[in-house]
Amino acid sequence: MRPVELESPLLRLDQPVLTDAESMYEFCQDPLFERFLTVPWPYNLSDAETFIERYIPGAWKADREYTWALRAPGRPELLGVIGLRLPSGSIGFWLGSPHRGNGYIAEALRMVADWAFAEGIVDAIHWECLIGNRASARVARKTGFTFTGQGPSLAPYRDGSHPLSWQGWLKASDERATKDGWPAEVTG
Ligand SMILES: CC(C)(COP(=O)(O)OP(=O)(O)OC[C@H]1O[C@@H](n2cnc3c(N)ncnc32)[C@H](O)[C@@H]1OP(=O)(O)O)[C@@H](O)C(=O)NCCC(=O)NCCS
């Protein structure tokens, strides 16, 4: 499919462009990314350039993964990235550290879920994070995901292992209200 843009009063989701590479590279130096994400580590400027120029357009075209840049409407700055993998319906996301604490990822998750469900692309979105990634889990919880337990990650980690992860689903038919059943470490 050709890339799709999504917009709400808070956010615009559009395509990462080469002028985003420098900020992407800087944001990806965050030690949280080494710990919680599967991005290359160490992360080089060329990793951002390859991701933007080759990986993202190729994955849209092959319907393998739909990736968006998060921006404030009318502003060019990159705030973060969100991606929906197919056919699993797995969601991945990150924000540059200066842009956290504004509810951007919860909004982006809602926008991607609304679009993917309305278009019939998936009927459920799968979320997982390494155990202890409370910020990620709280975002999933507040956007209405149901906690389904913990188990080996579906996606391989950087070293090929499948570490224990918290996992959840958001189904197209789900109410978006916060669900019970999340671990105390997330709710506390
Ligand atoms: C996950 C991430 C996108 C969340 O974005 P954010 O802007 O911090 O989200 P929020 O401000 O809505 O914070 C989510 C919640 O987690 C809490 N939180 C944030 N950082 C935290 C931390 N380091 N430890 C514990 N709790 C944290 C916040 O207080 C907030 O709680 P609330 O729901 O009661 O308000 C962001 O933290 C990030 O980019 N992390 C690194 C990349 C990553 O882990 N991505 C997810 C991989 S599965």
# chains A, B, ... in the order shown; residues from 1 in each chain; ligands from 1
>>> residues_around(residues="Val112 (chain A)", least_positions_apart="4", cutoff="10 Å", atoms="only C-alpha atoms", output="ChimeraX atom specification")
/A:6,13,66-68,82-84,91,107-108,116-118,125
>>> residues_near_ligand(ligand="ligand 1", cutoff="10 Å", atoms="only C-alpha atoms and all ligand atoms", output="tab-separated table (two decimals) with N, CA, C and O atoms, in the first residue's frame")
chain	number	residue	atom	x	y	z
A	27	PHE	N	17.90	10.84	19.10
A	27	PHE	CA	16.94	10.22	20.03
A	27	PHE	C	17.33	8.76	20.33
A	27	PHE	O	17.11	8.27	21.43
A	28	CYS	N	17.88	8.11	19.32
A	28	CYS	CA	18.18	6.68	19.47
A	28	CYS	C	19.49	6.42	20.25
A	28	CYS	O	19.88	5.26	20.40
A	30	ASP	N	19.48	7.09	23.35
A	30	ASP	CA	18.89	6.93	24.68
A	30	ASP	C	19.17	5.52	25.22
A	30	ASP	O	18.84	4.52	24.55
A	31	PRO	N	19.75	5.39	26.41
A	31	PRO	CA	20.02	4.05	26.97
A	31	PRO	C	18.75	3.19	27.10
A	31	PRO	O	18.85	1.96	27.08
A	32	LEU	N	17.57	3.83	27.22
A	32	LEU	CA	16.33	3.04	27.27
A	32	LEU	C	16.13	2.25	25.98
A	32	LEU	O	15.54	1.17	25.98
A	33	PHE	N	16.64	2.79	24.85
A	33	PHE	CA	16.47	2.12	23.57
A	33	PHE	C	17.36	0.87	23.50
A	33	PHE	O	16.98	-0.13	22.91
A	34	GLU	N	18.54	0.96	24.12
A	34	GLU	CA	19.40	-0.23	24.17
A	34	GLU	C	18.71	-1.32	24.97
A	34	GLU	O	18.71	-2.48	24.60
A	35	ARG	N	18.07	-0.89	26.07
A	35	ARG	CA	17.47	-1.87	26.98
A	35	ARG	C	16.16	-2.45	26.45
A	35	ARG	O	15.93	-3.66	26.54
A	36	PHE	N	15.30	-1.57	25.91
A	36	PHE	CA	13.93	-2.00	25.64
A	36	PHE	C	13.58	-2.21	24.17
A	36	PHE	O	12.54	-2.79	23.86
A	37	LEU	N	14.40	-1.69	23.26
A	37	LEU	CA	14.05	-1.78	21.83
A	37	LEU	C	15.00	-2.73	21.10
A	37	LEU	O	16.03	-3.13	21.64
A	38	THR	N	14.63	-3.03	19.87
A	38	THR	CA	15.48	-3.92	19.08
A	38	THR	C	16.23	-3.14	18.00
A	38	THR	O	16.75	-3.73	17.06
A	79	LEU	N	8.94	13.87	16.47
A	79	LEU	CA	8.74	13.65	17.90
A	79	LEU	C	9.03	12.20	18.27
A	79	LEU	O	9.52	11.91	19.36
A	80	GLY	N	8.69	11.29	17.36
A	80	GLY	CA	8.86	9.87	17.64
A	80	GLY	C	8.38	9.06	16.45
A	80	GLY	O	8.12	9.63	15.37
A	81	VAL	N	8.26	7.77	16.65
A	81	VAL	CA	7.91	6.85	15.56
A	81	VAL	C	6.93	5.80	16.09
A	81	VAL	O	7.04	5.38	17.25
A	82	ILE	N	5.99	5.40	15.24
A	82	ILE	CA	5.09	4.29	15.57
A	82	ILE	C	4.99	3.39	14.34
A	82	ILE	O	5.02	3.90	13.21
A	91	ILE	N	2.38	-3.78	17.42
A	91	ILE	CA	2.64	-2.34	17.41
A	91	ILE	C	3.97	-2.07	18.12
A	91	ILE	O	4.29	-2.71	19.11
A	92	GLY	N	4.72	-1.13	17.58
A	92	GLY	CA	5.97	-0.69	18.23
A	92	GLY	C	6.01	0.82	18.20
A	92	GLY	O	5.45	1.44	17.28
A	93	PHE	N	6.64	1.44	19.20
A	93	PHE	CA	6.65	2.90	19.24
A	93	PHE	C	7.78	3.40	20.13
A	93	PHE	O	8.26	2.70	21.02
A	94	TRP	N	8.19	4.63	19.86
A	94	TRP	CA	9.09	5.34	20.77
A	94	TRP	C	8.93	6.84	20.56
A	94	TRP	O	8.49	7.29	19.51
A	95	LEU	N	9.30	7.57	21.60
A	95	LEU	CA	9.34	9.04	21.52
A	95	LEU	C	10.75	9.50	21.87
A	95	LEU	O	11.40	8.91	22.75
A	96	GLY	N	11.20	10.57	21.23
A	96	GLY	CA	12.42	11.20	21.67
A	96	GLY	C	12.23	11.69	23.10
A	96	GLY	O	11.15	12.17	23.45
A	97	SER	N	13.27	11.57	23.93
A	97	SER	CA	13.08	11.86	25.37
A	97	SER	C	12.50	13.25	25.65
A	97	SER	O	11.69	13.39	26.56
A	98	PRO	N	12.83	14.33	24.88
A	98	PRO	CA	12.25	15.63	25.22
A	98	PRO	C	10.74	15.68	24.99
A	98	PRO	O	10.08	16.62	25.44
A	99	HIS	N	10.19	14.71	24.28
A	99	HIS	CA	8.78	14.79	23.88
A	99	HIS	C	7.88	13.85	24.69
A	99	HIS	O	6.70	13.69	24.37
A	100	ARG	N	8.44	13.25	25.74
A	100	ARG	CA	7.62	12.34	26.56
A	100	ARG	C	6.78	13.14	27.56
A	100	ARG	O	7.07	14.29	27.83
A	101	GLY	N	5.75	12.47	28.06
A	101	GLY	CA	4.93	13.10	29.10
A	101	GLY	C	3.83	14.00	28.54
A	101	GLY	O	3.21	14.76	29.29
A	102	ASN	N	3.57	13.93	27.24
A	102	ASN	CA	2.52	14.76	26.63
A	102	ASN	C	1.35	13.94	26.08
A	102	ASN	O	0.46	14.50	25.44
A	103	GLY	N	1.39	12.65	26.28
A	103	GLY	CA	0.30	11.80	25.79
A	103	GLY	C	0.36	11.51	24.29
A	103	GLY	O	-0.62	11.04	23.70
A	104	TYR	N	1.50	11.78	23.67
A	104	TYR	CA	1.59	11.61	22.22
A	104	TYR	C	1.44	10.15	21.78
A	104	TYR	O	0.80	9.86	20.77
A	105	ILE	N	2.05	9.25	22.54
A	105	ILE	CA	2.01	7.85	22.06
A	105	ILE	C	0.62	7.25	22.26
A	105	ILE	O	0.14	6.50	21.39
A	106	ALA	N	-0.04	7.60	23.34
A	106	ALA	CA	-1.41	7.09	23.53
A	106	ALA	C	-2.28	7.59	22.37
A	106	ALA	O	-3.07	6.82	21.80
A	107	GLU	N	-2.12	8.84	22.00
A	107	GLU	CA	-2.91	9.40	20.89
A	107	GLU	C	-2.54	8.70	19.57
A	107	GLU	O	-3.42	8.32	18.78
A	108	ALA	N	-1.25	8.50	19.33
A	108	ALA	CA	-0.83	7.85	18.08
A	108	ALA	C	-1.36	6.42	18.02
A	108	ALA	O	-1.80	5.95	16.96
A	127	TRP	N	0.33	-5.93	21.49
A	127	TRP	CA	1.37	-5.09	22.11
A	127	TRP	C	2.21	-5.97	23.01
A	127	TRP	O	1.70	-6.88	23.67
A	128	GLU	N	3.51	-5.72	23.05
A	128	GLU	CA	4.37	-6.37	24.03
A	128	GLU	C	5.53	-5.45	24.36
A	128	GLU	O	5.91	-4.60	23.55
A	129	CYS	N	6.04	-5.62	25.57
A	129	CYS	CA	7.25	-4.89	25.95
A	129	CYS	C	8.02	-5.78	26.91
A	129	CYS	O	7.45	-6.67	27.53
A	130	LEU	N	9.32	-5.54	27.01
A	130	LEU	CA	10.10	-6.30	27.98
A	130	LEU	C	9.57	-6.00	29.38
A	130	LEU	O	9.17	-4.87	29.67
A	131	ILE	N	9.58	-7.02	30.23
A	131	ILE	CA	9.09	-6.86	31.60
A	131	ILE	C	9.87	-5.72	32.27
A	131	ILE	O	11.09	-5.66	32.15
A	132	GLY	N	9.12	-4.82	32.90
A	132	GLY	CA	9.74	-3.67	33.57
A	132	GLY	C	9.61	-2.39	32.78
A	132	GLY	O	9.88	-1.31	33.31
A	133	ASN	N	9.17	-2.46	31.53
A	133	ASN	CA	9.00	-1.23	30.74
A	133	ASN	C	7.63	-0.63	31.07
A	133	ASN	O	6.67	-0.71	30.32
A	134	ARG	N	7.60	-0.03	32.26
A	134	ARG	CA	6.34	0.43	32.82
A	134	ARG	C	5.70	1.53	31.96
A	134	ARG	O	4.47	1.57	31.82
A	135	ALA	N	6.52	2.41	31.39
A	135	ALA	CA	5.95	3.51	30.59
A	135	ALA	C	5.18	2.94	29.39
A	135	ALA	O	4.07	3.38	29.07
A	136	SER	N	5.77	1.93	28.73
A	136	SER	CA	5.10	1.31	27.59
A	136	SER	C	3.80	0.63	28.04
A	136	SER	O	2.74	0.77	27.41
A	137	ALA	N	3.89	-0.11	29.15
A	137	ALA	CA	2.72	-0.84	29.64
A	137	ALA	C	1.60	0.12	30.06
A	137	ALA	O	0.42	-0.14	29.81
A	138	ARG	N	1.97	1.25	30.66
A	138	ARG	CA	0.92	2.19	31.08
A	138	ARG	C	0.24	2.82	29.88
A	138	ARG	O	-0.96	3.10	29.93
A	139	VAL	N	0.99	3.04	28.82
A	139	VAL	CA	0.37	3.57	27.60
A	139	VAL	C	-0.63	2.55	27.06
A	139	VAL	O	-1.76	2.90	26.72
A	140	ALA	N	-0.22	1.28	26.98
A	140	ALA	CA	-1.13	0.23	26.48
A	140	ALA	C	-2.36	0.14	27.37
A	140	ALA	O	-3.50	0.06	26.88
A	141	ARG	N	-2.14	0.19	28.67
A	141	ARG	CA	-3.26	0.08	29.62
A	141	ARG	C	-4.24	1.22	29.42
A	141	ARG	O	-5.45	1.02	29.35
A	142	LYS	N	-3.71	2.45	29.29
A	142	LYS	CA	-4.65	3.57	29.22
A	142	LYS	C	-5.31	3.71	27.86
A	142	LYS	O	-6.29	4.43	27.72
A	143	THR	N	-4.79	3.01	26.84
A	143	THR	CA	-5.48	3.07	25.55
A	143	THR	C	-6.46	1.90	25.38
A	143	THR	O	-7.06	1.76	24.32
A	165	SER	N	8.25	-11.12	28.31
A	165	SER	CA	7.64	-9.84	27.99
A	165	SER	C	6.22	-9.78	28.54
A	165	SER	O	5.55	-10.82	28.67
A	166	TRP	N	5.77	-8.56	28.83
A	166	TRP	CA	4.35	-8.33	29.10
A	166	TRP	C	3.65	-8.22	27.76
A	166	TRP	O	4.18	-7.60	26.82
A	167	GLN	N	2.43	-8.79	27.68
A	167	GLN	CA	1.74	-8.81	26.39
A	167	GLN	C	0.27	-8.45	26.54
A	167	GLN	O	-0.32	-8.65	27.60
A	185	GLU	N	2.85	-3.92	39.26
A	185	GLU	CA	4.01	-3.10	38.88
A	185	GLU	C	3.63	-2.02	37.85
A	185	GLU	O	4.27	-0.99	37.75
A	186	VAL	N	2.58	-2.31	37.09
A	186	VAL	CA	2.13	-1.35	36.07
A	186	VAL	C	1.13	-0.37	36.67
A	186	VAL	O	1.19	0.83	36.42
A	187	THR	N	0.21	-0.90	37.48
A	187	THR	CA	-0.88	-0.04	37.99
A	187	THR	C	-0.45	0.77	39.20
A	187	THR	O	-1.01	1.83	39.46
A	188	GLY	N	0.55	0.29	39.94
A	188	GLY	CA	0.93	0.93	41.20
A	188	GLY	C	1.67	2.24	41.02
A	188	GLY	O	2.07	2.61	39.94
>>> atom_distance(atom1="CA of Pro3 (chain A)", atom2="CA of Gly120 (chain A)")
15.9 Å
>>> select_by_dssp(residues="chain A", states="strand (DSSP E)", output="PyMOL selection string")
chain A and resi 6-7+12-14+65-71+80-85+90-95+124-130+146-152+164-171
>>> write_last_selection(atoms="N, CA and C atoms", output="CSV table (one decimal), in the first residue's frame")
chain,number,residue,atom,x,y,z
A,6,LEU,N,-2.2,10.3,8.8
A,6,LEU,CA,-3.3,10.4,9.8
A,6,LEU,C,-3.2,11.7,10.6
A,7,GLU,N,-4.3,12.4,10.9
A,7,GLU,CA,-4.2,13.6,11.6
A,7,GLU,C,-5.2,13.7,12.7
A,12,ARG,N,0.1,14.8,13.9
A,12,ARG,CA,0.1,14.3,12.5
A,12,ARG,C,1.0,13.1,12.4
A,13,LEU,N,0.5,12.1,11.8
A,13,LEU,CA,1.4,10.9,11.5
A,13,LEU,C,1.6,10.9,10.0
A,14,ASP,N,2.9,11.1,9.6
A,14,ASP,CA,3.2,11.0,8.2
A,14,ASP,C,4.6,10.3,8.0
A,65,GLU,N,5.1,-3.7,7.1
A,65,GLU,CA,5.1,-2.9,8.3
A,65,GLU,C,4.7,-1.4,7.9
A,66,TYR,N,3.7,-0.8,8.6
A,66,TYR,CA,3.4,0.5,8.3
A,66,TYR,C,4.0,1.4,9.4
A,67,THR,N,4.9,2.3,9.0
A,67,THR,CA,5.6,3.1,10.0
A,67,THR,C,5.3,4.6,9.7
A,68,TRP,N,5.1,5.3,10.8
A,68,TRP,CA,4.8,6.8,10.7
A,68,TRP,C,5.8,7.6,11.6
A,69,ALA,N,6.1,8.8,11.2
A,69,ALA,CA,6.7,9.8,12.1
A,69,ALA,C,5.6,10.5,12.8
A,70,LEU,N,5.8,10.8,14.1
A,70,LEU,CA,4.9,11.6,14.9
A,70,LEU,C,5.4,13.1,14.8
A,71,ARG,N,4.4,14.0,14.5
A,71,ARG,CA,4.8,15.4,14.5
A,71,ARG,C,3.6,16.2,15.1
A,80,GLY,N,8.7,11.3,17.4
A,80,GLY,CA,8.9,9.9,17.6
A,80,GLY,C,8.4,9.1,16.4
A,81,VAL,N,8.3,7.8,16.7
A,81,VAL,CA,7.9,6.8,15.6
A,81,VAL,C,6.9,5.8,16.1
A,82,ILE,N,6.0,5.4,15.2
A,82,ILE,CA,5.1,4.3,15.6
A,82,ILE,C,5.0,3.4,14.3
A,83,GLY,N,4.9,2.1,14.6
A,83,GLY,CA,4.8,1.2,13.4
A,83,GLY,C,3.9,0.0,13.7
A,84,LEU,N,3.2,-0.4,12.7
A,84,LEU,CA,2.3,-1.6,12.8
A,84,LEU,C,2.8,-2.7,11.9
A,85,ARG,N,3.2,-3.8,12.5
A,85,ARG,CA,3.7,-4.9,11.7
A,85,ARG,C,2.6,-5.9,11.3
A,90,SER,N,1.4,-6.4,15.3
A,90,SER,CA,2.2,-6.0,16.5
A,90,SER,C,2.5,-4.5,16.3
A,91,ILE,N,2.4,-3.8,17.4
A,91,ILE,CA,2.6,-2.3,17.4
A,91,ILE,C,4.0,-2.1,18.1
A,92,GLY,N,4.7,-1.1,17.6
A,92,GLY,CA,6.0,-0.7,18.2
A,92,GLY,C,6.0,0.8,18.2
A,93,PHE,N,6.6,1.4,19.2
A,93,PHE,CA,6.7,2.9,19.2
A,93,PHE,C,7.8,3.4,20.1
A,94,TRP,N,8.2,4.6,19.9
A,94,TRP,CA,9.1,5.3,20.8
A,94,TRP,C,8.9,6.8,20.6
A,95,LEU,N,9.3,7.6,21.6
A,95,LEU,CA,9.3,9.0,21.5
A,95,LEU,C,10.7,9.5,21.9
A,124,ALA,N,-7.2,-7.1,15.4
A,124,ALA,CA,-6.6,-6.9,16.7
A,124,ALA,C,-5.2,-6.4,16.6
A,125,ILE,N,-4.8,-5.6,17.6
A,125,ILE,CA,-3.4,-5.1,17.7
A,125,ILE,C,-2.7,-5.8,18.9
A,126,HIS,N,-1.6,-6.3,18.6
A,126,HIS,CA,-0.8,-7.0,19.6
A,126,HIS,C,0.3,-6.0,20.2
A,127,TRP,N,0.3,-5.9,21.5
A,127,TRP,CA,1.4,-5.1,22.1
A,127,TRP,C,2.2,-6.0,23.0
A,128,GLU,N,3.5,-5.7,23.0
A,128,GLU,CA,4.4,-6.4,24.0
A,128,GLU,C,5.5,-5.5,24.4
A,129,CYS,N,6.0,-5.6,25.6
A,129,CYS,CA,7.3,-4.9,26.0
A,129,CYS,C,8.0,-5.8,26.9
A,130,LEU,N,9.3,-5.5,27.0
A,130,LEU,CA,10.1,-6.3,28.0
A,130,LEU,C,9.6,-6.0,29.4
A,146,THR,N,-6.1,-5.1,26.7
A,146,THR,CA,-6.3,-6.1,27.7
A,146,THR,C,-4.9,-6.8,27.9
A,147,PHE,N,-4.5,-6.9,29.2
A,147,PHE,CA,-3.3,-7.6,29.5
A,147,PHE,C,-3.5,-9.1,29.4
A,148,THR,N,-2.7,-9.8,28.6
A,148,THR,CA,-2.9,-11.2,28.3
A,148,THR,C,-1.9,-12.1,29.0
A,149,GLY,N,-0.9,-11.5,29.7
A,149,GLY,CA,0.0,-12.3,30.5
A,149,GLY,C,1.4,-12.0,30.1
A,150,GLN,N,2.3,-12.8,30.6
A,150,GLN,CA,3.7,-12.6,30.2
A,150,GLN,C,4.3,-13.9,29.6
A,151,GLY,N,5.1,-13.8,28.7
A,151,GLY,CA,5.7,-14.9,28.0
A,151,GLY,C,6.9,-14.5,27.1
A,152,PRO,N,7.5,-15.4,26.5
A,152,PRO,CA,8.6,-15.1,25.6
A,152,PRO,C,8.1,-14.1,24.5
A,164,LEU,N,11.4,-12.7,28.4
A,164,LEU,CA,10.0,-12.6,29.0
A,164,LEU,C,9.5,-11.2,28.8
A,165,SER,N,8.3,-11.1,28.3
A,165,SER,CA,7.6,-9.8,28.0
A,165,SER,C,6.2,-9.8,28.5
A,166,TRP,N,5.8,-8.6,28.8
A,166,TRP,CA,4.3,-8.3,29.1
A,166,TRP,C,3.7,-8.2,27.8
A,167,GLN,N,2.4,-8.8,27.7
A,167,GLN,CA,1.7,-8.8,26.4
A,167,GLN,C,0.3,-8.5,26.5
A,168,GLY,N,-0.3,-7.9,25.5
A,168,GLY,CA,-1.7,-7.6,25.5
A,168,GLY,C,-2.3,-7.4,24.1
A,169,TRP,N,-3.6,-7.3,24.1
A,169,TRP,CA,-4.3,-7.2,22.8
A,169,TRP,C,-5.3,-6.0,22.9
A,170,LEU,N,-5.5,-5.4,21.8
A,170,LEU,CA,-6.7,-4.5,21.6
A,170,LEU,C,-7.4,-5.0,20.4
A,171,LYS,N,-8.7,-5.4,20.7
A,171,LYS,CA,-9.5,-5.9,19.6
A,171,LYS,C,-10.4,-4.8,19.0
>>> residues_around(residues="Asp47 (chain A)", least_positions_apart="5", cutoff="9 Å", atoms="only C-alpha atoms", output="ChimeraX atom specification")
/A:21,25,39-40,52
>>> atom_distance(atom1="CA of Arg176 (chain A)", atom2="CA of Phe145 (chain A)")
7.5 Å
>>> closest_residue(among="A:Met24, A:Leu11, A:Ala177, A:Met1", to="Ala62 (chain A)", atoms="only C-alpha atoms")
A:Met1
